[in-house]
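Notes follow the structure.
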Amino acid sequence: MNNEALLTWYREVARPLPWRAKPADPYGVLLSEIMAQQTRIETMLPYWERFMTRWPTVQDLAVAQPEEVLSEWAGLGYYSRARNLHKAAKVIAELGGFPSNAKDLQALPGVGPYTAGAVASIAFDQDAALVDGNVERVLCRFHRIEDDPRIPKVKRHLWALAEEHLPKGEAGDHNQALMELGARVCTPRTPRCGSCPLSVECA
């Protein structure tokens with residue numbers, strides 16, 4: 001995979017989302033990743049902004065009342081995400097700060113391998129891979145994997161490929177570039193292959 005072409009494309013066209021500011025705020029990144037699960041960016045962005053205004057730090061969120069958090073979440077659906085986010089904030093506050101690697105991040109309530117990889121790579125510059133729906137689609141098309149990605153064996157293979165393609169020291173931008181590519185170019189239907197920085201190599 002031509003990471004140089006991918007990163008150049010990303011840095012030219014990436015949406016200026018607030019959690020992408022550098023240096024990255026791990027709390028803002030965690031909040032964005034949990035809110036974006038099964039929710040479009042355009043839908044969750046106002047919620048992210050309201051949360052960050054009302055509870056600007058993870059410590060502020062940790063001391064919020066559960067009903068306040070659920071009230072602010074109203075309309076995003078999948079309320080277990082809000083409950084786990086609040087529980088995770090309490091754990092982080094008790095720890096005195098964020099865990100900085102993917103393994104320790106996965107110990108937080110509601111944080112799986114994908115979210116842990118996102119926070120570790122974007123907020124802490126760790127060489128951590130991730131596979132979400134967008135990355136899964138890009139990798140399946142790039143490598144012409146036609147088996148169902150929900151099959152455990154295929155899912156493990158996709159994670160291995162994500163690790164293999166990861167450029168050391170640039171994991172955060174690389175991961176975001178793959179997610180951006182899947183969201184905006186390598187879409188589920190009518191992908192814009194002519195605009196894809198990886199089209200020359202794509203199987």
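By convention here, the chains of the structure tokens are called A, B, ... in the order presented, each chain's residues are numbered starting at 1, and ligands are numbered starting at 1 in the order presented.
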
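The shell of residues at most 8 Å from A:Leu7, with only C-alpha atoms counted and near chain neighbours (fewer than 6 positions) removed, consists of Asp173, His174 and Ala177 of chain A.
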
Since we have the selection now, will you write its residues out, keeping N, CA, C and O atoms, as a PDB file, in the first residue's frame?
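Below you can see out_27.pdb, which holds the result:
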```pdb
ATOM      1  N   ASP A 173      -2.317   9.447  11.561  1.00  0.00           N
ATOM      2  CA  ASP A 173      -2.772   9.990  10.282  1.00  0.00           C
ATOM      3  C   ASP A 173      -3.140   8.872   9.304  1.00  0.00           C
ATOM      4  O   ASP A 173      -4.095   8.996   8.539  1.00  0.00           O
ATOM      5  N   HIS A 174      -2.378   7.780   9.316  1.00  0.00           N
ATOM      6  CA  HIS A 174      -2.673   6.656   8.424  1.00  0.00           C
ATOM      7  C   HIS A 174      -4.049   6.079   8.722  1.00  0.00           C
ATOM      8  O   HIS A 174      -4.856   5.851   7.799  1.00  0.00           O
ATOM      9  N   ALA A 177      -6.654   8.437   7.646  1.00  0.00           N
ATOM     10  CA  ALA A 177      -6.718   8.496   6.194  1.00  0.00           C
ATOM     11  C   ALA A 177      -7.541   7.335   5.640  1.00  0.00           C
ATOM     12  O   ALA A 177      -8.363   7.520   4.727  1.00  0.00           O
TER      13      ALA A 177
END
```

Please, which residues in stretch 27-75 of chain A fall within 10 Å of stretch 104-115 of chain A when counting only C-alpha atoms, and what is the closest atom pair and distance in Å to one decimal for each, ordered by chain then residue number, as a tab-separated table?
```
residue	atom	partner	partner_atom	distance
A:Val29	CA	A:Thr115	CA	9.3
A:Leu30	CA	A:Thr115	CA	7.3
A:Leu31	CA	A:Thr115	CA	9.9
A:Ser32	CA	A:Thr115	CA	9.7
A:Glu33	CA	A:Thr115	CA	6.3
A:Ile34	CA	A:Thr115	CA	7.3
A:Gln37	CA	A:Thr115	CA	9.2
```

Write a file of the just-selected residues containing all heavy atoms, as a compact mmCIF listing (two decimals), in the first residue's frame.
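Output file result15.txt is given in full below:
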```txt
# COMPACT_ATOMS: atom_id res chain seq x y z
N VAL A 29 -10.86 12.73 21.41
CA VAL A 29 -10.79 11.62 20.46
C VAL A 29 -11.68 10.47 20.92
O VAL A 29 -12.44 9.90 20.14
CB VAL A 29 -9.33 11.15 20.28
CG1 VAL A 29 -9.27 9.91 19.39
CG2 VAL A 29 -8.47 12.26 19.68
N LEU A 30 -11.59 10.12 22.20
CA LEU A 30 -12.43 9.04 22.73
C LEU A 30 -13.90 9.36 22.55
O LEU A 30 -14.69 8.50 22.09
CB LEU A 30 -12.12 8.81 24.22
CG LEU A 30 -13.01 7.78 24.93
CD1 LEU A 30 -12.74 6.38 24.38
CD2 LEU A 30 -12.79 7.81 26.44
N LEU A 31 -14.28 10.58 22.88
CA LEU A 31 -15.67 10.99 22.75
C LEU A 31 -16.13 10.88 21.30
O LEU A 31 -17.22 10.37 21.01
CB LEU A 31 -15.82 12.43 23.26
CG LEU A 31 -17.22 13.03 23.27
CD1 LEU A 31 -18.16 12.23 24.16
CD2 LEU A 31 -17.17 14.49 23.74
N SER A 32 -15.29 11.33 20.37
CA SER A 32 -15.67 11.28 18.95
C SER A 32 -15.82 9.84 18.47
O SER A 32 -16.75 9.53 17.71
CB SER A 32 -14.62 12.01 18.10
OG SER A 32 -13.42 11.26 17.98
N GLU A 33 -14.93 8.96 18.89
CA GLU A 33 -14.98 7.58 18.42
C GLU A 33 -16.20 6.84 18.97
O GLU A 33 -16.83 6.06 18.26
CB GLU A 33 -13.69 6.84 18.79
CG GLU A 33 -12.45 7.34 18.07
CD GLU A 33 -12.53 7.22 16.56
OE1 GLU A 33 -13.31 6.37 16.07
OE2 GLU A 33 -11.83 7.96 15.87
N ILE A 34 -16.53 7.09 20.22
CA ILE A 34 -17.69 6.42 20.80
C ILE A 34 -18.98 6.96 20.18
O ILE A 34 -19.90 6.20 19.84
CB ILE A 34 -17.69 6.57 22.33
CG1 ILE A 34 -16.55 5.72 22.92
CG2 ILE A 34 -19.04 6.16 22.93
CD1 ILE A 34 -16.39 5.82 24.40
N GLN A 37 -19.73 5.62 16.54
CA GLN A 37 -20.09 4.22 16.34
C GLN A 37 -21.55 4.14 15.89
O GLN A 37 -22.44 4.59 16.60
CB GLN A 37 -19.90 3.43 17.64
CG GLN A 37 -18.45 3.26 18.05
CD GLN A 37 -18.32 2.72 19.46
OE1 GLN A 37 -19.29 2.27 20.06
NE2 GLN A 37 -17.12 2.78 20.01
```

- [ ] For stretch 57-70 of chain A, list every protein, DNA or RNA residue within 10 Å, evaluated using only C-alpha atoms, and leave out those in the same chain fewer than 6 positions away; present the list as a list in words.
- [x] Asp25, Pro26, Tyr27, Gly28, Leu30, Leu31, Phe51, Leu76, Gly77, Tyr79, Ser80, Arg81, Ala82, Arg83, Leu85, His86, Lys87, Ala88, Ala89, Lys90, Val91, Ile92, Ala93, Glu94, Gly96, Gly97 and Phe98 of chain A

Task: Test item: residues at most 12 Å from A:Ser199, only C-alpha atoms, excluding those fewer than 3 positions along its chain, as a PyMOL selection string - done: chain A and resi 1-2+5-6+138+141-143+181+185-186+191-196+202-203

Those residues with N, CA and C atoms, as a PDB file, in the first residue's frame please?
```
ATOM      1  N   MET A   1       0.848  -1.194   0.000  1.00  0.00           N
ATOM      2  CA  MET A   1       0.000   0.000   0.000  1.00  0.00           C
ATOM      3  C   MET A   1       0.887   1.250   0.000  1.00  0.00           C
ATOM      4  N   ASN A   2       0.606   2.154  -0.925  1.00  0.00           N
ATOM      5  CA  ASN A   2       1.394   3.379  -1.041  1.00  0.00           C
ATOM      6  C   ASN A   2       0.961   4.374   0.037  1.00  0.00           C
ATOM      7  N   ALA A   5       1.249   8.202  -0.813  1.00  0.00           N
ATOM      8  CA  ALA A   5       0.137   8.735  -1.605  1.00  0.00           C
ATOM      9  C   ALA A   5      -1.113   8.899  -0.749  1.00  0.00           C
ATOM     10  N   LEU A   6      -1.367   7.912   0.108  1.00  0.00           N
ATOM     11  CA  LEU A   6      -2.540   7.959   0.980  1.00  0.00           C
ATOM     12  C   LEU A   6      -2.461   9.142   1.942  1.00  0.00           C
ATOM     13  N   VAL A 138     -12.252  -0.798   2.654  1.00  0.00           N
ATOM     14  CA  VAL A 138     -11.068  -0.438   1.879  1.00  0.00           C
ATOM     15  C   VAL A 138     -10.136  -1.639   1.736  1.00  0.00           C
ATOM     16  N   ARG A 141     -11.529  -4.428  -0.573  1.00  0.00           N
ATOM     17  CA  ARG A 141     -11.440  -4.088  -1.997  1.00  0.00           C
ATOM     18  C   ARG A 141      -9.982  -4.048  -2.456  1.00  0.00           C
ATOM     19  N   PHE A 142      -9.125  -3.464  -1.639  1.00  0.00           N
ATOM     20  CA  PHE A 142      -7.714  -3.326  -2.013  1.00  0.00           C
ATOM     21  C   PHE A 142      -7.079  -4.694  -2.251  1.00  0.00           C
ATOM     22  N   HIS A 143      -7.420  -5.666  -1.382  1.00  0.00           N
ATOM     23  CA  HIS A 143      -6.855  -7.012  -1.474  1.00  0.00           C
ATOM     24  C   HIS A 143      -7.795  -8.016  -2.161  1.00  0.00           C
ATOM     25  N   LEU A 181     -10.965   7.751   3.669  1.00  0.00           N
ATOM     26  CA  LEU A 181     -11.072   7.184   2.324  1.00  0.00           C
ATOM     27  C   LEU A 181     -12.341   6.344   2.200  1.00  0.00           C
ATOM     28  N   VAL A 185     -14.680   8.209  -0.339  1.00  0.00           N
ATOM     29  CA  VAL A 185     -14.298   7.778  -1.691  1.00  0.00           C
ATOM     30  C   VAL A 185     -14.663   6.319  -1.926  1.00  0.00           C
ATOM     31  N   CYS A 186     -14.179   5.443  -1.060  1.00  0.00           N
ATOM     32  CA  CYS A 186     -14.421   4.001  -1.204  1.00  0.00           C
ATOM     33  C   CYS A 186     -15.729   3.646  -0.498  1.00  0.00           C
ATOM     34  N   PRO A 191     -18.449   3.694  -5.492  1.00  0.00           N
ATOM     35  CA  PRO A 191     -17.170   4.264  -5.036  1.00  0.00           C
ATOM     36  C   PRO A 191     -16.550   5.120  -6.145  1.00  0.00           C
ATOM     37  N   ARG A 192     -15.864   6.188  -5.735  1.00  0.00           N
ATOM     38  CA  ARG A 192     -15.253   7.126  -6.679  1.00  0.00           C
ATOM     39  C   ARG A 192     -13.797   6.710  -6.913  1.00  0.00           C
ATOM     40  N   CYS A 193     -13.627   5.627  -7.638  1.00  0.00           N
ATOM     41  CA  CYS A 193     -12.286   5.061  -7.832  1.00  0.00           C
ATOM     42  C   CYS A 193     -11.329   6.029  -8.525  1.00  0.00           C
ATOM     43  N   GLY A 194     -11.859   6.905  -9.374  1.00  0.00           N
ATOM     44  CA  GLY A 194     -11.010   7.865 -10.060  1.00  0.00           C
ATOM     45  C   GLY A 194     -10.387   8.887  -9.139  1.00  0.00           C
ATOM     46  N   SER A 195     -10.928   9.041  -7.942  1.00  0.00           N
ATOM     47  CA  SER A 195     -10.402   9.997  -6.965  1.00  0.00           C
ATOM     48  C   SER A 195      -9.576   9.325  -5.877  1.00  0.00           C
ATOM     49  N   CYS A 196      -9.369   8.005  -5.996  1.00  0.00           N
ATOM     50  CA  CYS A 196      -8.713   7.263  -4.927  1.00  0.00           C
ATOM     51  C   CYS A 196      -7.194   7.248  -5.092  1.00  0.00           C
ATOM     52  N   CYS A 202      -5.002  -1.078  -6.311  1.00  0.00           N
ATOM     53  CA  CYS A 202      -6.178  -1.780  -5.812  1.00  0.00           C
ATOM     54  C   CYS A 202      -6.549  -2.979  -6.676  1.00  0.00           C
ATOM     55  N   ALA A 203      -6.784  -4.083  -6.002  1.00  0.00           N
ATOM     56  CA  ALA A 203      -7.143  -5.313  -6.728  1.00  0.00           C
ATOM     57  C   ALA A 203      -8.607  -5.324  -7.125  1.00  0.00           C
TER      58      ALA A 203
END
```

Task: Residue neighbourhood A:Gly75, 10 Å, only C-alpha atoms, exclusion window fewer than 5 positions, as an NGL selection string - done: :A and (43-44 or 47 or 70)

Okay, now the selection with N, CA and C atoms, as a compact mmCIF listing (two decimals), in the first residue's frame?
```
# COMPACT_ATOMS: atom_id res chain seq x y z
N THR A 43 -24.11 13.81 11.94
CA THR A 43 -25.13 13.71 12.99
C THR A 43 -24.54 13.90 14.37
N MET A 44 -23.36 13.29 14.62
CA MET A 44 -22.83 13.32 15.97
C MET A 44 -22.04 14.59 16.29
N TYR A 47 -23.46 16.97 18.87
CA TYR A 47 -23.45 16.34 20.19
C TYR A 47 -22.05 16.43 20.79
N LEU A 70 -27.13 11.15 30.01
CA LEU A 70 -28.12 10.54 29.13
C LEU A 70 -29.01 11.59 28.48
```

Open item on the list: Using Å and a single decimal, report how far atom CA of A:Tyr10 sits from atom CA of A:Val119.
Closed with: 18.4 Å

Excluding same-chain residues fewer than 3 positions from A:Pro167, what lies within 8 Å of it counting only C-alpha atoms, as a short mmCIF file (atom, residue, chain, number, x, y, z; two decimals) with N, CA, C and O atoms, in the first residue's frame?
```
data_model
loop_
_atom_site.label_atom_id
_atom_site.label_comp_id
_atom_site.auth_asym_id
_atom_site.auth_seq_id
_atom_site.Cartn_x
_atom_site.Cartn_y
_atom_site.Cartn_z
N ASN A 3 1.60 4.27 1.21
CA ASN A 3 1.22 5.13 2.32
C ASN A 3 1.52 6.59 2.05
O ASN A 3 0.81 7.48 2.53
N ASP A 127 1.92 3.14 17.63
CA ASP A 127 1.79 2.36 16.40
C ASP A 127 0.73 1.29 16.59
O ASP A 127 1.03 0.10 16.72
N GLU A 170 3.54 7.07 12.02
CA GLU A 170 2.49 7.86 11.38
C GLU A 170 1.14 7.15 11.46
O GLU A 170 0.26 7.37 10.63
N ALA A 171 0.99 6.32 12.47
CA ALA A 171 -0.23 5.51 12.57
C ALA A 171 -1.49 6.36 12.70
O ALA A 171 -2.53 6.02 12.13
N HIS A 174 -2.38 7.78 9.32
CA HIS A 174 -2.67 6.66 8.42
C HIS A 174 -4.05 6.08 8.72
O HIS A 174 -4.86 5.85 7.80
#
```

- [ ] Taking the DSSP assignment computed from this structure's backbone, write out as an MDAnalysis selection string all residues of stretch 26-139 of chain A that belong to helix (DSSP H, G or I).
- [x] chainID A and resid 26:36 41:54 58:62 66:73 80:95 102:105 113:124 133:139

Task: Residues within 7 Å of A:Ala128, only C-alpha atoms, excluding chain neighbours under 5 positions, as a list in words - done: Ala102, Gly117, Ala120, Ser121 and Ala171 of chain A
